[in-house]
file my_file_0.txt (compact mmCIF, C-alpha atoms)
# COMPACT_ATOMS: atom_id res chain seq x y z
CA MET F 1 0.00 0.00 0.00
CA ALA F 2 1.55 3.31 -1.08
CA ALA F 3 1.62 6.25 1.28
CA THR F 4 -0.40 9.25 0.24
CA PRO F 5 1.71 12.35 -0.35
CA GLU F 6 1.39 15.26 2.04
CA PRO F 7 -0.48 18.23 0.57
CA PRO F 8 1.66 21.33 0.09
CA ALA F 9 1.76 23.57 3.14
CA ALA F 10 -0.32 26.71 2.94
CA PRO F 11 1.35 30.13 3.09
CA VAL F 12 1.65 31.55 6.60
CA THR F 13 1.54 35.12 7.91
CA CYS F 14 3.12 36.47 11.09
CA SER F 15 0.38 37.64 13.45
CA GLN F 16 2.62 40.42 14.77
CA CYS F 17 4.22 42.11 11.73
CA GLY F 18 2.38 40.63 8.72
CA THR F 19 5.45 39.00 7.11
CA THR F 20 4.43 36.10 4.87
CA ALA F 21 6.20 32.90 3.91
CA GLY F 22 5.25 30.27 1.34
CA THR F 23 5.72 27.45 3.83
CA PRO F 24 6.16 27.63 7.61
CA PRO F 25 9.90 28.17 8.22
CA LEU F 26 11.48 26.04 10.95
CA THR F 27 12.41 29.19 12.87
CA TRP F 28 8.82 30.45 13.20
CA LEU F 29 6.64 29.76 16.25
CA LEU F 30 3.17 28.26 16.09
CA GLU F 31 0.77 29.24 18.85
CA VAL F 32 -2.59 27.51 19.17
CA ASP F 33 -5.09 29.93 20.65
CA ALA F 34 -8.56 28.81 21.75
CA ARG F 35 -10.15 31.92 20.21
CA ARG F 36 -7.97 32.52 17.14
CA GLY F 37 -6.85 28.98 16.26
CA LYS F 38 -3.34 28.56 14.82
CA VAL F 39 -1.29 31.75 15.07
CA TRP F 40 2.17 32.05 13.48
CA VAL F 41 4.93 34.34 14.79
CA CYS F 42 8.07 34.96 12.71
CA ASP F 43 11.51 34.52 14.26
CA ARG F 44 12.17 38.27 14.36
CA CYS F 45 8.94 39.02 16.26
CA ALA F 46 9.47 35.99 18.51
CA ARG F 47 12.83 37.39 19.63
CA THR F 48 11.34 40.85 20.13
CA HIS F 49 8.35 39.59 22.15
CA LEU F 50 10.03 36.68 23.96
CA ARG F 51 9.09 37.86 27.47
CA SER F 52 5.39 38.15 26.67
CA ILE F 53 5.44 34.70 25.03
CA GLU F 54 7.08 33.18 28.12
CA ALA F 55 4.53 34.87 30.37
CA LYS F 56 1.75 32.89 28.63
CA LEU F 57 3.27 29.50 29.50
CA ASP F 58 1.62 27.41 32.19
CA GLN F 59 3.29 27.53 35.58
CA GLU F 60 3.98 23.76 35.32
CA TRP F 61 6.36 24.50 32.42
CA TRP F 62 8.81 26.14 34.80
call {"tool": "encode", "arguments": {"input": "my_file_0.txt", "output": "structure tokens"}}
result
Amino acid sequence: MAATPEPPAAPVTCSQCGTTAGTPPLTWLLEVDARRGKVWVCDRCARTHLRSIEAKLDQEWW
């Protein structure tokens, strides 16, 4: 039985700055929000907003 090929990844847009990429780069962050669904953040914005991202982590993480 042959494996079915993966469909091409959809373009993604950074939720912070609006930068777009054809496929999700490995350096981008994916946040799953209950209200907004999947939210992408580019590596540049992730570095800039690192403290606010860490503040959203559950206390058990630390």
call {"tool": "residues_around", "arguments": {"input": "my_file_0.txt", "residues": "F:Thr13", "least_positions_apart": "5", "cutoff": "8 Å", "atoms": "only C-alpha atoms", "output": "number ranges by chain"}}
result
F: 18-21, 40-41
call {"tool": "write_last_selection", "arguments": {"input": "my_file_0.txt", "atoms": "C-alpha atoms", "output": "compact mmCIF listing (two decimals), keeping the file's coordinate frame"}}
result
# COMPACT_ATOMS: atom_id res chain seq x y z
CA GLY F 18 2.38 40.63 8.72
CA THR F 19 5.45 39.00 7.11
CA THR F 20 4.43 36.10 4.87
CA ALA F 21 6.20 32.90 3.91
CA TRP F 40 2.17 32.05 13.48
CA VAL F 41 4.93 34.34 14.79
call {"tool": "atom_distance", "arguments": {"input": "my_file_0.txt", "atom1": "atom CA of F:Thr27", "atom2": "atom CA of F:Ala10"}}
result
16.3 Å
call {"tool": "atom_distance", "arguments": {"input": "my_file_0.txt", "atom1": "atom CA of F:Arg36", "atom2": "atom CA of F:Ile53"}}
result
15.7 Å
